[in-house]
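Presented below is the structure to which this report refers.
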2 protein chains.
Amino acid sequence: MGLIVQKFGGSSVANTEKLDMVSSHIIREVDAGNQVVVVVSAQGKTTDKLISEELEIIKNPVKNREILNREHDVLVSVGEQITISKLAMLLNQKGYKAVSLTGWQVPIVTNSEHANGRIRYIENSKIEEYLTAGNVVVVAGFQGVDENGDITTFGRGGSDTTAVALAANLEAERCDIFTDVDGVYSSDPRIVDHVVKLDRISYDEMLELSSMGAKVLHNRCVEIGKKYGVPIYVKSTFEKESLGTLVSDKPPFEDLVISGVTKDDYISRITINGLENKIGRTYQIFKLMAENLINVDVIVQSFGEHITKDIAFTVKMNDLNKALEVFENHKEELKIEQILHCENLSKVSIVGLGIANKPGIASDMFEALYENNINMHMISTSEIKISVLVNSDEADMAVRAIHNKFFP
Amino acid sequence: MGLIVQKFGGSSVANTEKLDMVSSHIIREVDAGNQVVVVVSAQGKTTDKLISEELEIIKNPVKNREILNREHDVLVSVGEQITISKLAMLLNQKGYKAVSLTGWQVPIVTNSEHANGRIRYIENSKIEEYLTAGNVVVVAGFQGVDENGDITTFGRGGSDTTAVALAANLEAERCDIFTDVDGVYSSDPRIVDHVVKLDRISYDEMLELSSMGAKVLHNRCVEIGKKYGVPIYVKSTFEKESLGTLVSDKPPFEDLVISGVTKDDYISRITINGLENKIGRTYQIFKLMAENLINVDVIVQSFGEHITKDIAFTVKMNDLNKALEVFENHKEELKIEQILHCENLSKVSIVGLGIANKPGIASDMFEALYENNINMHMISTSEIKISVLVNSDEADMAVRAIHNKFFP
């Protein structure tokens, strides 16, 4: 007996038949004596359809961009509003009291950054009132309201964020995120044959995994979960009793060294050779990138007693030309000797809380690559992650080799 | 230079191309130096589509009807929300500052009768603030919010009501209702060849006309217009400069005797003969009808010194069997001698402020019918209206004959 938050994504609520499946997950918890708050996304392709209609109108997206973003949120927020009303109707038809609430009705109060709103606070009183009266409360994900009373939306993955934030604020027992898959896996099943479903994983590992292409949960929701200690279960909508994966601060004690192997494609490496070894030069390099809205990922600097130094870092391939142009324009000013680059790379990473404490993990990883004759273009490590750059055409093989090494 | 409210219905905003046409009507007023508040309906068939999706879910519309109605309003109100955001975007793209407001954002505060909300009051401050800042304000028609913060909708014709109520509350110069036709006509052009477009018509005449099948404006909006003296123009969206018809308390002085000829089909007449002439008997008859949710229209009672009386009245044809059954069950209790009925009738009416003051109107109308050999089954008159019942298969001929008499 407790309070549970459940979240169902767009493909889980795509039509009336699927809503029916969703309702059985809700009803099971209600029948077990729990109070349930449900967060839903827009049905199937609804949001995409609204955005394509918007693009019919907007020929010049820069003109009055702020106002357009405000209106964009008014438009796309209807997707979740449709889902909450339908699901509440369906539950009532099945004899379970349910009531829907939009973002502004809760209210979930955000800043005013349209299309990318951040939650400031959530009022619990209305939800609690409805729960006490015996209702399932169905809340629209992905949306809120700013202090001016304008509708805001949260950007992609926003419904997960709504769910975990509500669970944190209502001090729920747990937050169940229902998806197409029944948990978090040790790697991508499209690449690796014998992936392992993880029963438990820590918030930090999940953060590393989800920022690296394993798009099961969005980083924002995992961050909130970590801050407030909300146990998050990743479960399958399409299984009756999916145990799923528990994302929490209670990962397994000792049994798993690493949690997953992931890869990120379309990466290029830029190497700046012979940079003057002078305070501020490195800062200038990355300030230039930031000013040009180029995201830099891995950075490696070899540094010694020399009069010059080398810096290498990665950018997304579609930012490469812009980055090279920027440096070409500032070559003399920054006293750069040489700019090299390398395209079609992938970043292959292992993630695990055990990495820092258990020696030999890196060497096991490198051994797996060596055995398969795969060259590494860059290495970077953190407490819970080791990443290497490899040629993209060898990336899948690299993932498989490493996965076999750690999940034999 | 003043404040103008414009309303565009569902077919006027059905797609991006039509929104473009709508925007030109708005821009013309802005360019003329006016402040403009725009009220829009849902695009095309959007509401119908949402309702058909709702019917997929609702197998038992009686179960938890109140909650279903609440959720119905959450669902269907998205239609207007989509339109307001698109129109605001479009105006901004054309270089005209515009901002959208949903019903709850204004707010338009209603009672809690879902799917049939009535406006209690409207807050002007937000609209006025945006107008003062140079915006066109695009308001969602058909919707409001109750004092509990729940979304409400107004039922059919609700957007007209929103528009005229806003015009009244903001003390607008006028309210322009844009439709498919360029004004109010003296009759139905599908029946009468040479219909006359009316330049002006009084609120009362419009009320009689719109309750009798000339569905240009909804009664609710005309009533509000009358109460607050809002001049309402009925205009065509698809004409560049439609003069339209002015509905106001300033009808033409003397030139038109009647404003229109209309008909209503699918009517049946029930005659109760030999009803005991005793106080309360008539009341009992109509109480029975009301209890059984049967709408009674025209009532005629012949009344004399007799010990019994006869009452005749009309009901819609699909209520006839139920009504007859009810009377059959109460025949003895009410001491009814005989119940007669007559099906397949139509009510043909003329409407005009001049009727009461100008003698001979009724006789002109009856002459037209006599000349065409059309039998009248019932006659009823009011200050501004004369209605007769005729056989349905002669109704169109009756309308034409009467129209020819008054608009020769």
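Starting from 1 in every chain, residues are counted up; chains themselves are A, B, ... following the order of the structure tokens, and ligands are numbered from 1 as listed.
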DSSP helix (DSSP H, G or I) residues within segment 277-376 of chain A, listed as JSON, numbers by chain: {"A": [281, 282, 283, 284, 285, 286, 287, 288, 289, 290, 291, 317, 318, 319, 320, 321, 322, 323, 324, 325, 326, 327, 328, 329, 353, 354, 355, 361, 362, 363, 364, 365, 366, 367, 368, 369, 370, 371]}
Keeping only C-alpha atoms, write the selected residues to a file as a PDB file, in the first residue's frame.
ATOM      1  CA  ARG A 281      45.284  29.180 -24.869  1.00  0.00           C
ATOM      2  CA  THR A 282      43.218  26.050 -24.052  1.00  0.00           C
ATOM      3  CA  TYR A 283      40.409  28.198 -22.765  1.00  0.00           C
ATOM      4  CA  GLN A 284      40.448  30.230 -25.995  1.00  0.00           C
ATOM      5  CA  ILE A 285      40.104  27.053 -28.073  1.00  0.00           C
ATOM      6  CA  PHE A 286      36.982  25.871 -26.288  1.00  0.00           C
ATOM      7  CA  LYS A 287      35.520  29.336 -25.934  1.00  0.00           C
ATOM      8  CA  LEU A 288      35.628  29.557 -29.730  1.00  0.00           C
ATOM      9  CA  MET A 289      33.735  26.250 -29.983  1.00  0.00           C
ATOM     10  CA  ALA A 290      31.105  27.366 -27.464  1.00  0.00           C
ATOM     11  CA  GLU A 291      30.610  30.710 -29.191  1.00  0.00           C
ATOM     12  CA  MET A 317      30.567  14.972 -37.656  1.00  0.00           C
ATOM     13  CA  ASN A 318      28.046  17.555 -38.792  1.00  0.00           C
ATOM     14  CA  ASP A 319      29.890  20.196 -36.746  1.00  0.00           C
ATOM     15  CA  LEU A 320      33.306  19.323 -38.159  1.00  0.00           C
ATOM     16  CA  ASN A 321      33.480  21.688 -41.129  1.00  0.00           C
ATOM     17  CA  LYS A 322      32.296  24.611 -39.092  1.00  0.00           C
ATOM     18  CA  ALA A 323      34.866  23.851 -36.380  1.00  0.00           C
ATOM     19  CA  LEU A 324      37.696  23.602 -38.900  1.00  0.00           C
ATOM     20  CA  GLU A 325      36.669  26.883 -40.502  1.00  0.00           C
ATOM     21  CA  VAL A 326      36.619  28.627 -37.145  1.00  0.00           C
ATOM     22  CA  PHE A 327      40.146  27.444 -36.341  1.00  0.00           C
ATOM     23  CA  GLU A 328      41.411  28.323 -39.803  1.00  0.00           C
ATOM     24  CA  ASN A 329      40.174  31.870 -39.227  1.00  0.00           C
ATOM     25  CA  LEU A 353      30.626   1.400 -10.816  1.00  0.00           C
ATOM     26  CA  GLY A 354      33.283  -1.299 -10.438  1.00  0.00           C
ATOM     27  CA  ILE A 355      35.714   0.317 -12.858  1.00  0.00           C
ATOM     28  CA  ILE A 361      39.215  -3.431 -16.362  1.00  0.00           C
ATOM     29  CA  ALA A 362      40.854  -1.101 -18.842  1.00  0.00           C
ATOM     30  CA  SER A 363      43.396  -3.724 -19.770  1.00  0.00           C
ATOM     31  CA  ASP A 364      40.611  -6.294 -20.311  1.00  0.00           C
ATOM     32  CA  MET A 365      38.855  -3.846 -22.615  1.00  0.00           C
ATOM     33  CA  PHE A 366      41.994  -3.043 -24.591  1.00  0.00           C
ATOM     34  CA  GLU A 367      42.810  -6.738 -24.824  1.00  0.00           C
ATOM     35  CA  ALA A 368      39.442  -7.463 -26.404  1.00  0.00           C
ATOM     36  CA  LEU A 369      40.157  -4.809 -29.040  1.00  0.00           C
ATOM     37  CA  TYR A 370      43.700  -5.997 -29.600  1.00  0.00           C
ATOM     38  CA  GLU A 371      42.522  -9.586 -30.111  1.00  0.00           C
TER      39      GLU A 371
END
Output as a compact mmCIF listing (two decimals) with N, CA and C atoms, in the first residue's frame all residues of segment 142-386 of chain B that backbone DSSP marks as strand (DSSP E).
# COMPACT_ATOMS: atom_id res chain seq x y z
N GLN B 143 -14.85 27.58 -25.37
CA GLN B 143 -14.30 26.98 -24.15
C GLN B 143 -14.07 27.98 -23.04
N GLY B 144 -14.11 27.50 -21.81
CA GLY B 144 -13.82 28.32 -20.65
C GLY B 144 -13.26 27.46 -19.55
N VAL B 145 -13.34 27.97 -18.34
CA VAL B 145 -12.82 27.24 -17.19
C VAL B 145 -13.77 27.51 -16.02
N ILE B 151 -11.62 22.52 -17.27
CA ILE B 151 -11.96 23.03 -18.60
C ILE B 151 -13.44 22.77 -18.88
N THR B 152 -14.12 23.75 -19.44
CA THR B 152 -15.52 23.57 -19.84
C THR B 152 -15.66 23.94 -21.31
N THR B 153 -16.66 23.35 -21.98
CA THR B 153 -16.98 23.80 -23.33
C THR B 153 -18.46 24.17 -23.37
N ARG B 174 -17.79 46.63 -32.41
CA ARG B 174 -18.68 45.68 -33.07
C ARG B 174 -18.08 44.28 -33.03
N CYS B 175 -18.90 43.31 -33.36
CA CYS B 175 -18.43 41.92 -33.45
C CYS B 175 -18.74 41.41 -34.86
N ASP B 176 -17.71 41.01 -35.58
CA ASP B 176 -17.90 40.47 -36.94
C ASP B 176 -17.87 38.95 -36.88
N ILE B 177 -18.99 38.32 -37.28
CA ILE B 177 -19.03 36.86 -37.34
C ILE B 177 -18.85 36.45 -38.79
N PHE B 178 -17.68 35.87 -39.11
CA PHE B 178 -17.40 35.46 -40.49
C PHE B 178 -17.88 34.03 -40.70
N THR B 179 -18.64 33.83 -41.79
CA THR B 179 -19.17 32.49 -42.09
C THR B 179 -19.00 32.19 -43.57
N ARG B 200 -29.89 44.93 -42.69
CA ARG B 200 -30.04 45.08 -41.25
C ARG B 200 -31.17 44.19 -40.75
N ILE B 201 -31.07 43.80 -39.53
CA ILE B 201 -32.12 43.00 -38.90
C ILE B 201 -32.02 43.24 -37.40
N SER B 202 -33.15 43.16 -36.71
CA SER B 202 -33.13 43.39 -35.26
C SER B 202 -32.74 42.10 -34.54
N ILE B 232 -23.68 43.18 -34.22
CA ILE B 232 -23.09 41.96 -34.77
C ILE B 232 -23.20 41.99 -36.29
N TYR B 233 -22.07 41.85 -36.98
CA TYR B 233 -22.10 41.75 -38.44
C TYR B 233 -21.90 40.31 -38.86
N VAL B 234 -22.78 39.81 -39.71
CA VAL B 234 -22.57 38.49 -40.31
C VAL B 234 -21.94 38.72 -41.68
N LYS B 235 -20.73 38.19 -41.87
CA LYS B 235 -19.98 38.46 -43.10
C LYS B 235 -19.41 37.18 -43.68
N SER B 236 -18.97 37.25 -44.93
CA SER B 236 -18.38 36.09 -45.57
C SER B 236 -16.85 36.11 -45.45
N THR B 245 -24.58 41.49 -43.04
CA THR B 245 -25.84 41.91 -42.41
C THR B 245 -25.54 42.38 -41.00
N LEU B 246 -26.09 43.54 -40.66
CA LEU B 246 -25.92 44.05 -39.30
C LEU B 246 -27.09 43.62 -38.42
N VAL B 247 -26.78 42.87 -37.38
CA VAL B 247 -27.79 42.50 -36.39
C VAL B 247 -27.63 43.45 -35.22
N SER B 248 -28.66 44.25 -34.95
CA SER B 248 -28.51 45.26 -33.91
C SER B 248 -29.89 45.71 -33.44
N GLY B 260 -38.00 37.66 -43.05
CA GLY B 260 -37.68 36.36 -43.61
C GLY B 260 -38.82 35.37 -43.57
N VAL B 261 -38.68 34.37 -44.44
CA VAL B 261 -39.61 33.26 -44.48
C VAL B 261 -38.80 31.98 -44.24
N THR B 262 -39.20 31.23 -43.23
CA THR B 262 -38.43 30.01 -42.93
C THR B 262 -39.37 28.83 -42.78
N LYS B 263 -38.77 27.66 -42.77
CA LYS B 263 -39.58 26.47 -42.49
C LYS B 263 -38.81 25.50 -41.61
N ASP B 264 -39.56 24.70 -40.91
CA ASP B 264 -39.03 23.69 -40.01
C ASP B 264 -39.73 22.38 -40.36
N ASP B 265 -38.97 21.31 -40.66
CA ASP B 265 -39.60 20.05 -41.07
C ASP B 265 -39.73 19.07 -39.90
N TYR B 266 -40.26 17.90 -40.21
CA TYR B 266 -40.36 16.77 -39.27
C TYR B 266 -41.16 17.12 -38.02
N ILE B 267 -42.32 17.67 -38.26
CA ILE B 267 -43.18 18.06 -37.14
C ILE B 267 -44.45 17.22 -37.17
N SER B 268 -44.95 16.88 -35.99
CA SER B 268 -46.25 16.22 -35.92
C SER B 268 -47.14 16.96 -34.93
N ARG B 269 -48.42 16.85 -35.16
CA ARG B 269 -49.38 17.55 -34.31
C ARG B 269 -50.18 16.54 -33.50
N ILE B 270 -50.32 16.80 -32.25
CA ILE B 270 -51.17 15.96 -31.40
C ILE B 270 -52.37 16.78 -30.98
N THR B 271 -53.56 16.23 -31.10
CA THR B 271 -54.77 16.93 -30.66
C THR B 271 -55.45 16.10 -29.58
N ILE B 272 -55.71 16.72 -28.48
CA ILE B 272 -56.41 16.04 -27.40
C ILE B 272 -57.82 16.62 -27.33
N ASN B 273 -58.78 15.79 -27.64
CA ASN B 273 -60.18 16.25 -27.68
C ASN B 273 -60.89 15.85 -26.38
N GLY B 274 -61.80 16.70 -25.99
CA GLY B 274 -62.67 16.36 -24.87
C GLY B 274 -61.95 16.28 -23.55
N LEU B 275 -61.00 17.18 -23.36
CA LEU B 275 -60.30 17.23 -22.08
C LEU B 275 -61.20 17.93 -21.07
N GLU B 276 -61.29 17.36 -19.90
CA GLU B 276 -62.14 17.93 -18.84
C GLU B 276 -61.74 19.38 -18.58
N VAL B 296 -42.15 20.49 -26.57
CA VAL B 296 -43.40 20.91 -27.20
C VAL B 296 -43.17 22.28 -27.82
N ASP B 297 -43.59 22.46 -29.07
CA ASP B 297 -43.37 23.76 -29.72
C ASP B 297 -44.66 24.58 -29.69
N VAL B 298 -45.37 24.63 -30.79
CA VAL B 298 -46.58 25.46 -30.86
C VAL B 298 -47.71 24.84 -30.03
N ILE B 299 -48.42 25.64 -29.28
CA ILE B 299 -49.58 25.15 -28.52
C ILE B 299 -50.79 26.01 -28.89
N VAL B 300 -51.89 25.37 -29.23
CA VAL B 300 -53.13 26.10 -29.52
C VAL B 300 -54.24 25.48 -28.69
N GLN B 301 -54.99 26.31 -28.01
CA GLN B 301 -56.11 25.79 -27.21
C GLN B 301 -57.38 26.53 -27.60
N SER B 302 -58.32 25.79 -28.06
CA SER B 302 -59.62 26.41 -28.29
C SER B 302 -60.37 26.28 -26.99
N THR B 308 -65.97 20.49 -21.81
CA THR B 308 -64.66 19.96 -22.20
C THR B 308 -63.96 20.96 -23.10
N LYS B 309 -62.65 20.75 -23.30
CA LYS B 309 -61.89 21.62 -24.21
C LYS B 309 -60.97 20.77 -25.07
N ASP B 310 -60.47 21.39 -26.15
CA ASP B 310 -59.52 20.71 -27.04
C ASP B 310 -58.17 21.44 -26.97
N ILE B 311 -57.10 20.66 -26.95
CA ILE B 311 -55.75 21.24 -26.98
C ILE B 311 -54.98 20.58 -28.12
N ALA B 312 -54.33 21.42 -28.93
CA ALA B 312 -53.46 20.87 -29.98
C ALA B 312 -52.06 21.44 -29.79
N PHE B 313 -51.09 20.63 -30.06
CA PHE B 313 -49.70 21.12 -29.97
C PHE B 313 -48.81 20.28 -30.88
N THR B 314 -47.62 20.80 -31.11
CA THR B 314 -46.70 20.08 -32.01
C THR B 314 -45.51 19.53 -31.22
N VAL B 315 -45.05 18.36 -31.68
CA VAL B 315 -43.79 17.80 -31.18
C VAL B 315 -42.98 17.35 -32.40
N LYS B 316 -41.70 17.18 -32.20
CA LYS B 316 -40.85 16.66 -33.27
C LYS B 316 -41.31 15.24 -33.62
N GLN B 338 -60.35 11.58 -26.47
CA GLN B 338 -59.81 11.14 -27.76
C GLN B 338 -58.45 11.79 -28.02
N ILE B 339 -57.52 11.01 -28.53
CA ILE B 339 -56.21 11.57 -28.91
C ILE B 339 -56.03 11.38 -30.41
N LEU B 340 -55.84 12.49 -31.12
CA LEU B 340 -55.61 12.41 -32.57
C LEU B 340 -54.19 12.86 -32.86
N HIS B 341 -53.65 12.39 -33.98
CA HIS B 341 -52.36 12.96 -34.38
C HIS B 341 -52.25 13.01 -35.89
N CYS B 342 -51.29 13.81 -36.31
CA CYS B 342 -51.10 14.09 -37.73
C CYS B 342 -49.60 14.22 -37.95
N GLU B 343 -49.05 13.42 -38.90
CA GLU B 343 -47.60 13.42 -39.09
C GLU B 343 -47.18 14.17 -40.36
N ASN B 344 -45.87 14.23 -40.58
CA ASN B 344 -45.31 14.81 -41.80
C ASN B 344 -45.79 16.22 -42.06
N LEU B 345 -45.66 17.05 -41.03
CA LEU B 345 -46.02 18.45 -41.18
C LEU B 345 -44.76 19.31 -41.15
N SER B 346 -44.89 20.51 -41.68
CA SER B 346 -43.81 21.48 -41.59
C SER B 346 -44.37 22.79 -41.07
N LYS B 347 -43.53 23.51 -40.37
CA LYS B 347 -43.96 24.82 -39.86
C LYS B 347 -43.34 25.88 -40.76
N VAL B 348 -44.19 26.67 -41.39
CA VAL B 348 -43.69 27.75 -42.23
C VAL B 348 -44.00 29.06 -41.52
N SER B 349 -42.98 29.91 -41.40
CA SER B 349 -43.16 31.13 -40.60
C SER B 349 -42.66 32.36 -41.34
N ILE B 350 -43.28 33.48 -41.03
CA ILE B 350 -42.70 34.76 -41.43
C ILE B 350 -42.31 35.50 -40.16
N VAL B 351 -41.22 36.24 -40.26
CA VAL B 351 -40.70 36.96 -39.11
C VAL B 351 -40.51 38.42 -39.51
N MET B 378 -52.73 24.46 -38.68
CA MET B 378 -52.65 25.13 -37.40
C MET B 378 -52.05 26.50 -37.64
N ILE B 379 -52.46 27.47 -36.86
CA ILE B 379 -51.93 28.83 -37.00
C ILE B 379 -51.52 29.31 -35.61
N SER B 380 -50.37 29.96 -35.56
CA SER B 380 -50.00 30.57 -34.27
C SER B 380 -49.30 31.89 -34.56
N THR B 381 -49.55 32.88 -33.74
CA THR B 381 -48.99 34.20 -34.02
C THR B 381 -48.33 34.78 -32.78
N SER B 382 -47.30 35.63 -33.01
CA SER B 382 -46.73 36.42 -31.91
C SER B 382 -46.53 37.82 -32.45
N LYS B 385 -43.99 37.31 -35.39
CA LYS B 385 -43.92 36.06 -36.13
C LYS B 385 -45.32 35.50 -36.37
N ILE B 386 -45.55 34.95 -37.56
CA ILE B 386 -46.75 34.17 -37.81
C ILE B 386 -46.31 32.82 -38.36
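Between atom CA of Asn219 of chain A and atom CA of Lys405 of chain A lies a distance of 27.6 Å.
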Compile the contact shell of Leu131 of chain A as an MDAnalysis selection string: residues with an atom at most 12 Å away, counting only C-alpha atoms, same-chain residues fewer than 4 positions apart removed. chainID A and resid 2:5 30 34:38 97:100 124:127 135:138 170
Report as a Markdown table the residues of chain A within 7 Å of chain B, each with its shortest atom pair and distance in Å (one decimal), using only C-alpha atoms, ordered by chain and increasing residue number.
| residue | atom | partner | partner_atom | distance |
| --- | --- | --- | --- | --- |
| A:Thr16 | CA | B:Ile57 | CA | 6.8 |
| A:Glu54 | CA | B:Lys86 | CA | 6.8 |
| A:Ile57 | CA | B:Leu90 | CA | 5.9 |
| A:Ile58 | CA | B:Gln93 | CA | 6.7 |
| A:Asn60 | CA | B:Gln93 | CA | 6.9 |
| A:Lys63 | CA | B:Gln93 | CA | 6.7 |
| A:Asn64 | CA | B:Asn92 | CA | 6.8 |
| A:Leu68 | CA | B:Met89 | CA | 5.9 |
| A:Glu71 | CA | B:Ser85 | CA | 5.0 |
| A:His72 | CA | B:Ser85 | CA | 6.9 |
| A:Val74 | CA | B:Ser85 | CA | 5.9 |
| A:Leu75 | CA | B:Ile82 | CA | 5.2 |
| A:Val78 | CA | B:Val78 | CA | 5.6 |
| A:Gln81 | CA | B:Leu75 | CA | 6.6 |
| A:Ile82 | CA | B:Leu75 | CA | 5.2 |
| A:Ser85 | CA | B:Glu71 | CA | 5.0 |
| A:Lys86 | CA | B:Glu54 | CA | 6.8 |
| A:Met89 | CA | B:Leu68 | CA | 5.8 |
| A:Leu90 | CA | B:Ile57 | CA | 5.9 |
| A:Asn92 | CA | B:Asn64 | CA | 6.8 |
| A:Gln93 | CA | B:Ile58 | CA | 6.7 |
| A:Gln105 | CA | B:Gly149 | CA | 6.7 |
| A:Gly149 | CA | B:Gln105 | CA | 6.7 |
Please, could you write that set of residues out with C-alpha atoms as a CSV table (one decimal), in the first residue's frame?
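Saved result, selection-v1.csv, follows:
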chain,number,residue,atom,x,y,z
A,16,THR,CA,-7.5,2.7,-28.0
A,54,GLU,CA,3.4,24.0,-37.8
A,57,ILE,CA,3.0,27.9,-41.4
A,58,ILE,CA,6.5,28.9,-40.4
A,60,ASN,CA,10.9,31.9,-41.4
A,63,LYS,CA,11.3,35.9,-37.2
A,64,ASN,CA,9.8,36.5,-33.7
A,68,LEU,CA,6.8,31.3,-32.1
A,71,GLU,CA,2.8,29.4,-29.7
A,72,HIS,CA,4.7,26.1,-30.4
A,74,VAL,CA,0.4,26.0,-27.0
A,75,LEU,CA,0.1,23.8,-30.1
A,78,VAL,CA,-2.6,19.4,-26.9
A,81,GLN,CA,-4.1,16.6,-23.3
A,82,ILE,CA,-5.8,14.3,-25.7
A,85,SER,CA,-8.7,12.6,-21.2
A,86,LYS,CA,-9.0,9.4,-23.1
A,89,MET,CA,-12.5,8.1,-19.7
A,90,LEU,CA,-11.4,4.5,-20.2
A,92,ASN,CA,-14.0,5.3,-15.6
A,93,GLN,CA,-15.6,3.0,-18.1
A,105,GLN,CA,-4.0,22.3,-13.8
A,149,GLY,CA,0.2,31.5,-17.1
Could you work out how far atom CA of Ser210 of chain B lies from atom CA of Ser242 of chain B, giving the answer in Å with one decimal?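 For atom CA of Ser242 of chain B relative to atom CA of Ser210 of chain B, the distance reads 20.9 Å.
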Shortest interatomic distance to Arg400 of chain A - which of A:Lys45, A:Arg156, A:Lys331, A:His194, counting only C-alpha atoms: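 Of A:Lys45, A:Arg156, A:Lys331, A:His194, the one nearest Arg400 of chain A, counting only C-alpha atoms, is A:His194.
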